[in-house]
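entry.cif (mmCIF, C-alpha atoms)
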```
data_query
loop_
_atom_site.group_PDB
_atom_site.id
_atom_site.type_symbol
_atom_site.label_atom_id
_atom_site.label_comp_id
_atom_site.auth_asym_id
_atom_site.auth_seq_id
_atom_site.Cartn_x
_atom_site.Cartn_y
_atom_site.Cartn_z
ATOM 1 C CA LEU I 1 -41.808 102.866 79.065
ATOM 2 C CA ARG I 2 -40.779 99.216 78.940
ATOM 3 C CA THR I 3 -43.987 98.065 80.626
ATOM 4 C CA ASN I 4 -46.582 100.706 79.792
ATOM 5 C CA PHE I 5 -45.664 101.356 76.167
ATOM 6 C CA HIS I 6 -43.244 98.814 74.727
ATOM 7 C CA GLY I 7 -45.087 95.827 76.255
ATOM 8 C CA PRO I 8 -48.392 96.545 74.489
ATOM 9 C CA ARG I 9 -46.562 97.661 71.321
ATOM 10 C CA ARG I 10 -44.632 94.405 71.107
ATOM 11 C CA LEU I 11 -47.784 92.340 71.623
ATOM 12 C CA ILE I 12 -49.569 94.272 68.893
ATOM 13 C CA GLU I 13 -46.662 93.918 66.491
ATOM 14 C CA ARG I 14 -46.592 90.180 67.205
ATOM 15 C CA PHE I 15 -50.323 89.456 66.822
ATOM 16 C CA ALA I 16 -51.712 92.124 64.458
ATOM 17 C CA PRO I 17 -50.195 90.544 61.312
ATOM 18 C CA GLU I 18 -52.001 87.261 62.053
ATOM 19 C CA MET I 19 -55.248 89.149 62.694
ATOM 20 C CA LEU I 20 -54.852 90.968 59.383
ATOM 21 C CA GLU I 21 -54.136 87.699 57.594
ATOM 22 C CA ARG I 22 -57.232 86.140 59.165
ATOM 23 C CA GLY I 23 -59.262 89.258 58.311
ATOM 24 C CA HIS I 24 -60.558 89.913 61.815
ATOM 25 C CA GLY I 25 -59.262 91.038 65.182
ATOM 26 C CA ARG I 26 -59.865 93.298 68.145
ATOM 27 C CA ILE I 27 -57.117 95.104 70.052
ATOM 28 C CA ILE I 28 -57.931 97.156 73.138
ATOM 29 C CA ASN I 29 -55.210 98.992 74.995
ATOM 30 C CA VAL I 30 -55.756 100.188 78.540
ATOM 31 C CA ALA I 31 -53.838 103.367 79.251
ATOM 32 C CA SER I 32 -54.889 105.885 81.901
ATOM 33 C CA SER I 33 -56.235 109.381 82.258
ATOM 34 C CA ALA I 34 -52.511 110.122 82.673
ATOM 35 C CA GLY I 35 -52.228 109.519 78.932
ATOM 36 C CA LEU I 36 -54.620 112.399 78.308
ATOM 37 C CA ARG I 37 -53.260 115.048 80.672
ATOM 38 C CA GLY I 38 -50.286 115.683 82.908
ATOM 39 C CA TYR I 39 -50.141 114.975 86.633
ATOM 40 C CA PRO I 40 -47.510 116.293 89.035
ATOM 41 C CA TYR I 41 -44.917 113.900 90.458
ATOM 42 C CA ALA I 42 -45.605 111.257 87.807
ATOM 43 C CA ALA I 43 -43.692 112.430 84.726
ATOM 44 C CA ALA I 44 -42.316 109.045 83.638
ATOM 45 C CA TYR I 45 -45.681 107.292 84.115
ATOM 46 C CA VAL I 46 -47.516 110.101 82.290
ATOM 47 C CA ALA I 47 -45.011 110.005 79.419
ATOM 48 C CA SER I 48 -45.393 106.232 79.030
ATOM 49 C CA LYS I 49 -49.189 106.494 78.916
ATOM 50 C CA HIS I 50 -49.053 109.398 76.433
ATOM 51 C CA ALA I 51 -46.873 107.183 74.233
ATOM 52 C CA LEU I 52 -49.456 104.382 74.350
ATOM 53 C CA VAL I 53 -52.297 106.780 73.506
ATOM 54 C CA GLY I 54 -50.392 108.178 70.514
ATOM 55 C CA TYR I 55 -49.366 104.745 69.275
ATOM 56 C CA THR I 56 -52.928 103.445 69.566
ATOM 57 C CA ARG I 57 -54.353 106.386 67.630
ATOM 58 C CA CYS I 58 -51.801 105.984 64.837
ATOM 59 C CA ALA I 59 -52.238 102.211 64.633
ATOM 60 C CA ALA I 60 -56.039 102.562 64.538
ATOM 61 C CA ALA I 61 -55.692 104.913 61.566
ATOM 62 C CA GLU I 62 -53.440 102.404 59.813
ATOM 63 C CA LEU I 63 -55.917 99.576 60.477
ATOM 64 C CA ALA I 64 -58.990 101.509 59.286
ATOM 65 C CA GLY I 65 -61.174 99.464 56.959
ATOM 66 C CA LYS I 66 -59.397 96.157 57.620
ATOM 67 C CA ASP I 67 -61.766 94.598 60.231
ATOM 68 C CA VAL I 68 -58.952 94.635 62.741
ATOM 69 C CA THR I 69 -59.833 97.333 65.235
ATOM 70 C CA MET I 70 -57.705 99.188 67.751
ATOM 71 C CA ASN I 71 -59.342 101.008 70.641
ATOM 72 C CA LEU I 72 -58.271 102.538 73.913
ATOM 73 C CA VAL I 73 -59.669 102.708 77.445
ATOM 74 C CA CYS I 74 -58.355 105.445 79.754
ATOM 75 C CA PRO I 75 -59.605 105.076 83.329
ATOM 76 C CA HIS I 76 -59.049 107.661 86.030
ATOM 77 C CA TYR I 77 -58.086 106.364 89.513
ATOM 78 C CA VAL I 78 -59.127 102.700 89.725
ATOM 79 C CA ASP I 79 -60.104 100.753 92.835
ATOM 80 C CA SER I 80 -57.070 98.488 92.517
ATOM 81 C CA PRO I 81 -53.890 97.353 94.257
ATOM 82 C CA MET I 82 -51.978 100.086 92.415
ATOM 83 C CA THR I 83 -54.228 102.738 93.951
ATOM 84 C CA GLU I 84 -53.815 101.097 97.361
ATOM 85 C CA GLN I 85 -50.050 101.503 96.947
ATOM 86 C CA THR I 86 -50.624 105.169 96.140
ATOM 87 C CA VAL I 87 -52.785 105.513 99.247
ATOM 88 C CA ALA I 88 -50.085 103.865 101.380
ATOM 89 C CA ARG I 89 -47.397 106.223 100.017
ATOM 90 C CA ILE I 90 -49.551 109.277 100.707
ATOM 91 C CA VAL I 91 -50.392 108.042 104.223
ATOM 92 C CA LYS I 92 -46.701 107.486 104.917
ATOM 93 C CA LYS I 93 -45.727 110.951 103.665
ATOM 94 C CA THR I 94 -48.616 112.929 105.146
ATOM 95 C CA GLY I 95 -49.897 110.933 108.118
ATOM 96 C CA ARG I 96 -53.445 111.360 106.807
ATOM 97 C CA PRO I 97 -55.830 108.439 107.435
ATOM 98 C CA ALA I 98 -56.094 105.937 104.570
ATOM 99 C CA ALA I 99 -59.878 106.397 104.287
ATOM 100 C CA GLU I 100 -59.408 110.142 103.876
ATOM 101 C CA VAL I 101 -56.797 109.616 101.152
ATOM 102 C CA ARG I 102 -59.010 107.120 99.271
ATOM 103 C CA ASP I 103 -61.888 109.585 99.484
ATOM 104 C CA PHE I 104 -59.651 112.342 98.166
ATOM 105 C CA LEU I 105 -58.568 110.216 95.180
ATOM 106 C CA ALA I 106 -62.178 109.258 94.437
ATOM 107 C CA LYS I 107 -63.172 112.922 94.431
ATOM 108 C CA GLU I 108 -60.299 113.671 92.044
ATOM 109 C CA ASN I 109 -62.121 111.527 89.458
ATOM 110 C CA PRO I 110 -64.617 113.600 87.456
ATOM 111 C CA GLY I 111 -67.342 111.043 88.309
ATOM 112 C CA GLY I 112 -66.675 111.362 92.052
ATOM 113 C CA SER I 113 -65.740 107.744 92.774
ATOM 114 C CA LEU I 114 -62.995 105.279 91.970
ATOM 115 C CA VAL I 115 -63.376 103.394 88.702
ATOM 116 C CA SER I 116 -64.140 99.714 89.331
ATOM 117 C CA CYS I 117 -62.378 96.885 87.548
ATOM 118 C CA ASP I 118 -65.828 95.730 86.394
ATOM 119 C CA GLU I 119 -66.374 99.083 84.663
ATOM 120 C CA ILE I 120 -63.152 98.596 82.724
ATOM 121 C CA ALA I 121 -64.034 94.996 81.869
ATOM 122 C CA ASP I 122 -67.526 96.018 80.662
ATOM 123 C CA VAL I 123 -66.135 98.623 78.277
ATOM 124 C CA VAL I 124 -63.421 96.283 77.006
ATOM 125 C CA ALA I 125 -66.027 93.574 76.367
ATOM 126 C CA ARG I 126 -68.214 96.017 74.434
ATOM 127 C CA LEU I 127 -65.258 97.129 72.343
ATOM 128 C CA CYS I 128 -64.323 93.494 71.647
ATOM 129 C CA GLY I 129 -67.839 92.776 70.451
ATOM 130 C CA GLY I 130 -68.205 95.834 68.243
ATOM 131 C CA ASP I 131 -66.815 97.318 65.083
ATOM 132 C CA ASP I 132 -65.608 100.646 66.480
ATOM 133 C CA ASN I 133 -62.066 101.538 65.489
ATOM 134 C CA GLY I 134 -60.004 104.365 66.942
ATOM 135 C CA MET I 135 -62.363 104.782 69.904
ATOM 136 C CA LEU I 136 -60.971 106.298 73.085
ATOM 137 C CA VAL I 137 -63.181 105.780 76.143
ATOM 138 C CA GLU I 138 -62.274 107.771 79.263
ATOM 139 C CA LEU I 139 -63.690 106.184 82.429
ATOM 140 C CA ILE I 140 -64.326 108.909 84.996
ATOM 141 C CA GLY I 141 -65.705 106.932 87.978
ATOM 142 C CA GLY I 142 -69.254 106.418 89.167
ATOM 143 C CA ARG I 143 -70.162 104.416 86.061
ATOM 144 C CA GLY I 144 -69.425 107.485 83.986
ATOM 145 C CA LEU I 145 -67.420 107.691 80.816
ATOM 146 C CA ILE I 146 -66.462 110.180 78.180
ATOM 147 C CA PRO I 147 -66.396 108.636 74.710
ATOM 148 C CA ASP I 148 -64.935 110.114 71.566
ATOM 149 C CA ALA I 149 -67.356 112.593 70.067
ATOM 150 C CA GLN I 150 -67.490 110.477 66.896
ATOM 151 C CA ALA I 151 -69.367 107.612 68.565
ATOM 152 C CA GLU I 152 -72.699 108.773 69.946
ATOM 153 C CA GLN I 153 -73.780 105.251 70.974
ATOM 154 C CA TRP I 154 -71.338 105.324 73.910
ATOM 155 C CA ARG I 155 -73.130 108.303 75.447
ATOM 156 C CA ALA I 156 -76.015 106.032 76.490
ATOM 157 C CA LEU I 157 -73.892 103.902 78.818
#
```
As a first step, turn the structure in this file into structure tokens.
Amino acid sequence: LRTNFHGPRRLIERFAPEMLERGHGRIINVASSAGLRGYPYAAAYVASKHALVGYTRCAAAELAGKDVTMNLVCPHYVDSPMTEQTVARIVKKTGRPAAEVRDFLAKENPGGSLVSCDEIADVVARLCGGDDNGMLVELIGGRGLIPDAQAEQWRAL
């Protein structure tokens, strides 16, 4: 909770007042698909990401109409050092080959592959450059995403 929820919350509480005073700002939180559903063996992580999702949704509602936007990106398994640590733990516990474990995790993503860091950066950049507020973009892997139903323009990505 300290890192995954309170860290972003404290940053927002520190910088949002200045953005509001200036009359413009963009805040994008990166949570996880774990903030949208539950996963076994990860209760504390899932709880912290659910907290960030809820906080972001509430803050976006409070910021509506103020030209300070709050949006959220929720990637599934990402091709990252954190996922490599997950792979290593699974290999150690099961003896399965690392390539098999990575393939398994990729197939767990609805898009069939690990989400790339570039995919996350592309969506964050688009959110920074736009006027959407309260948008939740779920990155599913394979350059796929599931946007909020309220924003049809994201379906074309």
Shell around Arg57 in chain I at 8 Å using all atoms listed in the file, local window under 5 positions removed, as a ChimeraX atom specification: /I:70-71,134
In Å, rounded to a single decimal, give me how far CA of Glu138 in chain I is from CA of Ile90 in chain I.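 Calculated distance between CA of Ile90 in chain I and CA of Glu138 in chain I is 25.0 Å.
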Skipping near chain neighbours, those fewer than 3 positions away, what residues fall within 9 Å of Cys117 in chain I using only C-alpha atoms, listed as a compact mmCIF listing (two decimals) with C-alpha atoms, in the frame of the given file?
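In the end it all went to part.txt:
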```txt
# COMPACT_ATOMS: atom_id res chain seq x y z
CA VAL I 78 -59.13 102.70 89.72
CA ASP I 79 -60.10 100.75 92.84
CA SER I 80 -57.07 98.49 92.52
CA ILE I 120 -63.15 98.60 82.72
CA ALA I 121 -64.03 95.00 81.87
CA ASP I 122 -67.53 96.02 80.66
```
Would you translate the PyMOL selection byres ((chain I and resi 1) around 10) into the concrete set of residues it matches in this file, as a VMD selection string? chain I and resid 2 to 7 44 to 49 51 to 52
Once the PyMOL selection byres ((chain I and resi 139) around 10) has been applied to the shown file, what residues remain in the selection, as a list in words?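 The output of the PyMOL selection byres ((chain I and resi 139) around 10) on this file is Ser32, Ser33, Val73, Cys74, Pro75, His76, Tyr77, Val78, Asn109, Pro110, Gly111, Leu114, Val115, Ser116, Glu119, Ile120, Val123, Leu136, Val137, Glu138, Ile140, Gly141, Gly142, Arg143, Gly144, Leu145, Ile146 and Pro147 of chain I.
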Find the distance between CA of Leu36 in chain I and CA of Ala60 in chain I and write it in Å to one decimal. 17.0 Å
CA of Gly23 in chain I to CA of Met135 in chain I measures 19.6 Å
With the file shown as input, list the residues that the PyMOL selection byres ((chain I and resi 27) around 8) selects, as a VMD selection string. chain I and resid 12 25 to 26 28 to 29 68 to 71 128
Can you work out which one of I:Pro40, I:His24, I:Gly35, I:Lys92 has the shortest atom-to-atom distance to Gly130 in chain I, counting only C-alpha atoms?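 Selected residue with least distance to Gly130 in chain I: I:His24.
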With distances taken over all atoms listed in the file, the candidate from I:Asp131, I:Glu108, I:Asp118, I:Glu13 nearest Tyr39 in chain I is I:Glu108
How big is the axis-aligned box around the listed atoms of range 65-75 of chain I once 6 Å is added on each side, and where is its centre? Give both in Å to one decimal, as AutoDock Vina command-line options.
```
--center_x -59.7 --center_y 100.0 --center_z 70.1 --size_x 16.1 --size_y 22.8 --size_z 38.4
```
Given the choices I:Val30, I:Ala98, I:Leu105, I:Ala43, which gets closest to Thr56 in chain I if the distance is worked out from only C-alpha atoms?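 Under the stated criterion, the closest residue is I:Val30.
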